[in-house]
Amino acid sequence: MSILKLITQNFRNLDGKQIIFHSDNNFIIGENGSGKSSLLEAIFFLGHGKSFRTTKINSIVHHQESKFVVSIKDFEQQQLGLSRDVDTGQTDIKVNSERQSRLSDLAKNIAVQIVTPESFKLFFGGPKERRRFVDLGLFHVKHDFSHQWRDFSRVLKQRNACLRSVSGRSMLDYWTDIFCQHCEIVAQSRSEYVIELTSELKKWTQLLLPSLSEQINVQYLQGWNQKKSLKEVLLESRDREIQQGFSSHGAQKFDVRFLLNRTSIDVLLSRGQQKLFLLALTFAQAKLIERVNRVKPILLIDDIGSELDINSRTLLSQAIDKLNCQVIITAIDRFALEPLVSSKKNYKMFHVKHGGILEISDVDKS
């Protein structure tokens, strides 16, 4: 999917006027606080059902309003829409004017990838952030993964309930056996995906970090000691888990580590190099989604000038040319977009001011 038309209502400070995008490259310029990030946030919210900026939904709706709406139409006239009433917590979802019950019904039709200043949490935010990134890709690439994860989550809750309850201990062995089975299923899917992602990542690090690409590795950690069966590990930690009241090993503890040789990337790479790696990782995931899914990914990049010098932006421009997806990039000014804009003809440029978004004409582009 590529977005042709975006309409918002009461979303942050955006004025709500429809925006007509280019199918390939779109550049959004404006001062800090003008609404650039809010525009990306609206698209992200439609694709994920949540914000990348805040967990407080009330802060997203425009002042003194109780409901916001985001809707898009693609180049094949497919329509997706989401509205959220912050007073009641009700979310309404529509696909081609038909009401849907799950956010996943939206996600099946739109795959949104994003790189923002918050993306550095992939390094600093702990395993939870990395699990979220990998599982997002898995949702789009392996279509049965959402069912695997739902079944696993249900079993995990049952086992944790047994650990917390004295009366439930009689069922602990039963739920532990089922828990191990579902852990193995989820771990297998993740392992296969990480192998694919690592292979694809190599191609993009060669473009964006050519001098370091051969030294970059991805380490897969399944969530328990890989030299033992999960059942052995759980038996050894049974007393401690009963004391804690939750499962301390299993697929819910999965992690990936990004290493330069044997050291975490964030320790050795500069901030600019870290951003290039985040872009390479995001591009790799976008290509995997494109390869197996009918949904063409949408790539959002916020504040492109931050941390990236002119040479890095040149490498990025060359990498974007090899992507088959719609790209929407924000920057403070046109200078920050060099050399991305100068090397492309297939694009639109917009200016944002106080939430109003205006397309810059071809005359102004030149």
# chains A, B, ... in the order shown; residues from 1 in each chain; ligands from 1

call {"tool": "select_by_dssp", "arguments": {"residues": "region 11-243 of chain A", "states": "helix (DSSP H, G or I)", "output": "JSON, numbers by chain"}}
result
{"A": [36, 37, 38, 39, 40, 41, 42, 43, 44, 45, 46, 47, 48, 57, 58, 59, 103, 104, 105, 106, 107, 117, 118, 119, 120, 121, 122, 123, 124, 127, 128, 129, 130, 131, 132, 133, 134, 135, 136, 137, 138, 139, 140, 141, 145, 146, 147, 148, 149, 150, 151, 152, 153, 154, 155, 156, 157, 158, 159, 160, 161, 162, 163, 164, 167, 168, 169, 170, 171, 172, 173, 174, 175, 176, 177, 178, 179, 180, 181, 182, 183, 184, 185, 186, 187, 188, 189, 190, 191, 192, 193, 194, 195, 196, 197, 198, 199, 200, 201, 202, 203, 204, 205, 206, 207, 208, 213, 214, 215, 230, 231, 232, 233, 234, 235, 236, 238, 239, 240, 241, 242, 243]}

call {"tool": "residues_around", "arguments": {"residues": "region 163-172 of chain A", "least_positions_apart": "6", "cutoff": "9 Å", "atoms": "only C-alpha atoms", "output": "list of chain:residue names"}}
result
A:Arg238, A:Glu241, A:Ile242, A:Gln243, A:Gln244, A:Gly245, A:Phe246, A:Ser247

call {"tool": "write_last_selection", "arguments": {"atoms": "C-alpha atoms", "output": "PDB file, in the first residue's frame"}}
result
ATOM      1  CA  ARG A 238      10.811 -24.107  39.726  1.00  0.00           C
ATOM      2  CA  GLU A 241       9.593 -19.091  39.884  1.00  0.00           C
ATOM      3  CA  ILE A 242       7.032 -20.081  42.549  1.00  0.00           C
ATOM      4  CA  GLN A 243       8.589 -17.494  44.835  1.00  0.00           C
ATOM      5  CA  GLN A 244       8.506 -14.845  42.122  1.00  0.00           C
ATOM      6  CA  GLY A 245       5.064 -15.788  40.821  1.00  0.00           C
ATOM      7  CA  PHE A 246       5.920 -15.664  37.121  1.00  0.00           C
ATOM      8  CA  SER A 247       7.766 -17.591  34.397  1.00  0.00           C
TER       9      SER A 247
END

call {"tool": "atom_distance", "arguments": {"atom1": "CA of Val218 (chain A)", "atom2": "CA of Gln252 (chain A)"}}
result
18.8 Å

call {"tool": "residues_around", "arguments": {"residues": "region 307-317 of chain A", "least_positions_apart": "6", "cutoff": "8 Å", "atoms": "only C-alpha atoms", "output": "ChimeraX atom specification"}}
result
/A:207-208,271-272,275-276,337-340,343

call {"tool": "closest_residue", "arguments": {"among": "A:Asp303, A:Gln318, A:Leu4, A:Asn225", "to": "Trp204 (chain A)", "atoms": "only C-alpha atoms"}}
result
A:Gln318

call {"tool": "closest_atom_pairs", "arguments": {"of": "region 272-355 of chain A", "to": "region 121-143 of chain A", "cutoff": "7 Å", "atoms": "only C-alpha atoms", "output": "JSON lines"}}
result
{"residue": "A:Gln285", "atom": "CA", "partner": "A:Gly137", "partner_atom": "CA", "distance": 6.3}
{"residue": "A:Leu288", "atom": "CA", "partner": "A:Val141", "partner_atom": "CA", "distance": 6.7}
{"residue": "A:Ile289", "atom": "CA", "partner": "A:Val141", "partner_atom": "CA", "distance": 5.4}
{"residue": "A:Val292", "atom": "CA", "partner": "A:Val141", "partner_atom": "CA", "distance": 6.0}
{"residue": "A:Asn293", "atom": "CA", "partner": "A:Val141", "partner_atom": "CA", "distance": 6.5}

call {"tool": "write_last_selection", "arguments": {"atoms": "N, CA and C atoms", "output": "CSV table (one decimal), in the first residue's frame"}}
result
chain,number,residue,atom,x,y,z
A,285,GLN,N,14.0,-5.0,7.1
A,285,GLN,CA,12.7,-5.5,7.5
A,285,GLN,C,11.6,-5.1,6.5
A,288,LEU,N,11.9,-7.6,3.6
A,288,LEU,CA,11.3,-8.9,3.9
A,288,LEU,C,9.8,-8.8,3.8
A,289,ILE,N,9.2,-7.7,4.3
A,289,ILE,CA,7.7,-7.6,4.3
A,289,ILE,C,7.3,-7.5,2.8
A,292,VAL,N,7.3,-11.0,0.8
A,292,VAL,CA,6.4,-12.1,1.1
A,292,VAL,C,4.9,-11.6,1.2
A,293,ASN,N,4.7,-10.3,1.3
A,293,ASN,CA,3.4,-9.8,1.6
A,293,ASN,C,2.8,-9.0,0.5

call {"tool": "residues_around", "arguments": {"residues": "region 22-33 of chain A", "least_positions_apart": "3", "cutoff": "6 Å", "atoms": "only C-alpha atoms", "output": "mmCIF file with C-alpha atoms, in the first residue's frame"}}
result
data_model
loop_
_atom_site.group_PDB
_atom_site.id
_atom_site.type_symbol
_atom_site.label_atom_id
_atom_site.label_comp_id
_atom_site.auth_asym_id
_atom_site.auth_seq_id
_atom_site.Cartn_x
_atom_site.Cartn_y
_atom_site.Cartn_z
ATOM 1 C CA SER A 2 1.068 3.566 -0.768
ATOM 2 C CA GLN A 326 6.697 4.843 -0.282
ATOM 3 C CA VAL A 327 8.986 7.088 1.769
ATOM 4 C CA ILE A 328 7.920 10.073 3.886
ATOM 5 C CA ILE A 329 10.806 12.063 5.377
ATOM 6 C CA THR A 330 10.745 15.122 7.643
ATOM 7 C CA ALA A 331 13.419 17.787 8.116
ATOM 8 C CA ILE A 332 13.734 21.249 9.586
ATOM 9 C CA ASP A 333 14.720 22.835 6.257
ATOM 10 C CA TYR A 347 8.796 13.360 -5.245
ATOM 11 C CA LYS A 348 6.563 15.900 -3.599
ATOM 12 C CA MET A 349 7.627 18.436 -1.002
ATOM 13 C CA PHE A 350 5.435 19.940 1.701
ATOM 14 C CA HIS A 351 5.817 22.751 4.195
ATOM 15 C CA VAL A 352 4.264 22.528 7.665
#

call {"tool": "residues_around", "arguments": {"residues": "Leu323 (chain A)", "least_positions_apart": "5", "cutoff": "9 Å", "atoms": "only C-alpha atoms", "output": "VMD selection string"}}
result
chain A and resid 283 286 to 287

call {"tool": "write_last_selection", "arguments": {"atoms": "C-alpha atoms", "output": "JSON list (two decimals), in the first residue's frame"}}
result
[["chain", "number", "residue", "atom", "x", "y", "z"],
["A", 283, "PHE", "CA", 15.17, -1.19, 5.33],
["A", 286, "ALA", "CA", 10.79, -3.51, 4.91],
["A", 287, "LYS", "CA", 12.28, -5.63, 2.13]]

call {"tool": "atom_distance", "arguments": {"atom1": "CA of Val69 (chain A)", "atom2": "CA of Leu6 (chain A)"}}
result
10.6 Å

call {"tool": "select_by_dssp", "arguments": {"residues": "region 46-196 of chain A", "states": "strand (DSSP E)", "output": "list in words"}}
result
Lys67, Phe68, Val69, Val70, Ser71, Ile72, Lys73, Asp74, Gln79, Leu80, Gly81, Leu82, Ser83, Arg84, Asp85, Thr91, Asp92, Ile93, Lys94, Val95, Glu98, Arg99, Gln100, Val112, Gln113, Ile114 and Val115 of chain A

call {"tool": "write_last_selection", "arguments": {"atoms": "N, CA and C atoms", "output": "PDB file, in the first residue's frame"}}
result
ATOM      1  N   LYS A  67     -12.398  13.208  20.550  1.00  0.00           N
ATOM      2  CA  LYS A  67     -12.280  12.137  19.566  1.00  0.00           C
ATOM      3  C   LYS A  67     -11.387  12.583  18.421  1.00  0.00           C
ATOM      4  N   PHE A  68     -10.499  11.684  17.965  1.00  0.00           N
ATOM      5  CA  PHE A  68      -9.717  11.984  16.777  1.00  0.00           C
ATOM      6  C   PHE A  68      -9.936  10.897  15.719  1.00  0.00           C
ATOM      7  N   VAL A  69      -9.693  11.279  14.471  1.00  0.00           N
ATOM      8  CA  VAL A  69      -9.903  10.384  13.330  1.00  0.00           C
ATOM      9  C   VAL A  69      -8.690  10.455  12.416  1.00  0.00           C
ATOM     10  N   VAL A  70      -8.266   9.300  11.898  1.00  0.00           N
ATOM     11  CA  VAL A  70      -7.235   9.225  10.864  1.00  0.00           C
ATOM     12  C   VAL A  70      -7.761   8.301   9.773  1.00  0.00           C
ATOM     13  N   SER A  71      -7.732   8.757   8.538  1.00  0.00           N
ATOM     14  CA  SER A  71      -8.159   7.888   7.434  1.00  0.00           C
ATOM     15  C   SER A  71      -7.265   8.113   6.221  1.00  0.00           C
ATOM     16  N   ILE A  72      -7.083   7.056   5.441  1.00  0.00           N
ATOM     17  CA  ILE A  72      -6.275   7.142   4.229  1.00  0.00           C
ATOM     18  C   ILE A  72      -6.974   6.434   3.076  1.00  0.00           C
ATOM     19  N   LYS A  73      -6.587   6.838   1.891  1.00  0.00           N
ATOM     20  CA  LYS A  73      -6.987   6.143   0.663  1.00  0.00           C
ATOM     21  C   LYS A  73      -5.713   5.868  -0.114  1.00  0.00           C
ATOM     22  N   ASP A  74      -5.582   4.641  -0.664  1.00  0.00           N
ATOM     23  CA  ASP A  74      -4.374   4.339  -1.416  1.00  0.00           C
ATOM     24  C   ASP A  74      -4.600   4.549  -2.907  1.00  0.00           C
ATOM     25  N   GLN A  79      -9.635   2.100   1.194  1.00  0.00           N
ATOM     26  CA  GLN A  79      -9.736   3.062   2.284  1.00  0.00           C
ATOM     27  C   GLN A  79      -9.589   2.372   3.640  1.00  0.00           C
ATOM     28  N   LEU A  80      -8.806   2.997   4.507  1.00  0.00           N
ATOM     29  CA  LEU A  80      -8.638   2.538   5.880  1.00  0.00           C
ATOM     30  C   LEU A  80      -8.913   3.708   6.809  1.00  0.00           C
ATOM     31  N   GLY A  81      -9.580   3.440   7.932  1.00  0.00           N
ATOM     32  CA  GLY A  81      -9.879   4.510   8.863  1.00  0.00           C
ATOM     33  C   GLY A  81      -9.895   4.039  10.302  1.00  0.00           C
ATOM     34  N   LEU A  82      -9.531   4.932  11.204  1.00  0.00           N
ATOM     35  CA  LEU A  82      -9.525   4.624  12.634  1.00  0.00           C
ATOM     36  C   LEU A  82      -9.948   5.876  13.383  1.00  0.00           C
ATOM     37  N   SER A  83     -10.870   5.709  14.330  1.00  0.00           N
ATOM     38  CA  SER A  83     -11.242   6.809  15.206  1.00  0.00           C
ATOM     39  C   SER A  83     -11.137   6.343  16.649  1.00  0.00           C
ATOM     40  N   ARG A  84     -10.788   7.275  17.535  1.00  0.00           N
ATOM     41  CA  ARG A  84     -10.626   6.924  18.937  1.00  0.00           C
ATOM     42  C   ARG A  84     -11.305   7.976  19.803  1.00  0.00           C
ATOM     43  N   ASP A  85     -12.228   7.528  20.655  1.00  0.00           N
ATOM     44  CA  ASP A  85     -12.875   8.391  21.629  1.00  0.00           C
ATOM     45  C   ASP A  85     -12.093   8.266  22.930  1.00  0.00           C
ATOM     46  N   THR A  91     -12.499   2.422  20.216  1.00  0.00           N
ATOM     47  CA  THR A  91     -11.810   2.564  18.932  1.00  0.00           C
ATOM     48  C   THR A  91     -12.671   1.959  17.833  1.00  0.00           C
ATOM     49  N   ASP A  92     -12.939   2.723  16.796  1.00  0.00           N
ATOM     50  CA  ASP A  92     -13.694   2.244  15.640  1.00  0.00           C
ATOM     51  C   ASP A  92     -12.738   2.080  14.465  1.00  0.00           C
ATOM     52  N   ILE A  93     -12.810   0.937  13.823  1.00  0.00           N
ATOM     53  CA  ILE A  93     -11.905   0.597  12.726  1.00  0.00           C
ATOM     54  C   ILE A  93     -12.733   0.280  11.486  1.00  0.00           C
ATOM     55  N   LYS A  94     -12.320   0.837  10.357  1.00  0.00           N
ATOM     56  CA  LYS A  94     -13.025   0.554   9.105  1.00  0.00           C
ATOM     57  C   LYS A  94     -12.026   0.232   7.994  1.00  0.00           C
ATOM     58  N   VAL A  95     -12.359  -0.769   7.199  1.00  0.00           N
ATOM     59  CA  VAL A  95     -11.625  -1.111   5.987  1.00  0.00           C
ATOM     60  C   VAL A  95     -12.621  -1.094   4.846  1.00  0.00           C
ATOM     61  N   GLU A  98     -16.264  -0.848   5.812  1.00  0.00           N
ATOM     62  CA  GLU A  98     -16.821  -1.925   6.623  1.00  0.00           C
ATOM     63  C   GLU A  98     -16.154  -1.925   7.999  1.00  0.00           C
ATOM     64  N   ARG A  99     -16.978  -1.969   9.039  1.00  0.00           N
ATOM     65  CA  ARG A  99     -16.472  -1.938  10.402  1.00  0.00           C
ATOM     66  C   ARG A  99     -15.731  -3.233  10.726  1.00  0.00           C
ATOM     67  N   GLN A 100     -14.568  -3.103  11.362  1.00  0.00           N
ATOM     68  CA  GLN A 100     -13.752  -4.247  11.762  1.00  0.00           C
ATOM     69  C   GLN A 100     -13.627  -4.276  13.282  1.00  0.00           C
ATOM     70  N   VAL A 112       3.673  -0.193   8.236  1.00  0.00           N
ATOM     71  CA  VAL A 112       4.376   1.066   8.465  1.00  0.00           C
ATOM     72  C   VAL A 112       5.658   0.811   9.246  1.00  0.00           C
ATOM     73  N   GLN A 113       6.780   1.212   8.668  1.00  0.00           N
ATOM     74  CA  GLN A 113       8.084   1.145   9.324  1.00  0.00           C
ATOM     75  C   GLN A 113       8.530   2.572   9.634  1.00  0.00           C
ATOM     76  N   ILE A 114       9.198   2.764  10.764  1.00  0.00           N
ATOM     77  CA  ILE A 114       9.554   4.129  11.146  1.00  0.00           C
ATOM     78  C   ILE A 114      10.937   4.183  11.794  1.00  0.00           C
ATOM     79  N   VAL A 115      11.641   5.276  11.513  1.00  0.00           N
ATOM     80  CA  VAL A 115      12.896   5.603  12.201  1.00  0.00           C
ATOM     81  C   VAL A 115      12.755   7.020  12.728  1.00  0.00           C
TER      82      VAL A 115
END

call {"tool": "closest_residue", "arguments": {"among": "A:Lys322, A:Arg190, A:Lys253, A:Lys296", "to": "Lys203 (chain A)", "atoms": "only C-alpha atoms"}}
result
A:Lys322

call {"tool": "closest_residue", "arguments": {"among": "A:Ile320, A:Leu234, A:Met1, A:Ile43", "to": "Glu290 (chain A)", "atoms": "only C-alpha atoms"}}
result
A:Met1

call {"tool": "atom_distance", "arguments": {"atom1": "CA of Leu39 (chain A)", "atom2": "CA of Leu14 (chain A)"}}
result
7.3 Å

call {"tool": "closest_atom_pairs", "arguments": {"of": "region 157-258 of chain A", "to": "region 145-149 of chain A", "cutoff": "10 Å", "atoms": "only C-alpha atoms", "output": "JSON lines"}}
result
{"residue": "A:His182", "atom": "CA", "partner": "A:Gln148", "partner_atom": "CA", "distance": 7.5}
{"residue": "A:Cys183", "atom": "CA", "partner": "A:Trp149", "partner_atom": "CA", "distance": 9.3}
{"residue": "A:Ile185", "atom": "CA", "partner": "A:Gln148", "partner_atom": "CA", "distance": 7.3}
{"residue": "A:Val186", "atom": "CA", "partner": "A:Gln148", "partner_atom": "CA", "distance": 6.3}
{"residue": "A:Ser189", "atom": "CA", "partner": "A:Phe145", "partner_atom": "CA", "distance": 7.3}
{"residue": "A:Arg190", "atom": "CA", "partner": "A:Phe145", "partner_atom": "CA", "distance": 9.0}
{"residue": "A:Ala251", "atom": "CA", "partner": "A:Trp149", "partner_atom": "CA", "distance": 9.5}
{"residue": "A:Gln252", "atom": "CA", "partner": "A:Trp149", "partner_atom": "CA", "distance": 9.7}

call {"tool": "closest_residue", "arguments": {"among": "A:Gly35, A:Gly250, A:Gly223, A:Gly355", "to": "Thr176 (chain A)", "atoms": "only C-alpha atoms"}}
result
A:Gly250

call {"tool": "closest_residue", "arguments": {"among": "A:Ser237, A:Ser199, A:Gln274, A:Ser191", "to": "Leu221 (chain A)", "atoms": "only C-alpha atoms"}}
result
A:Ser191
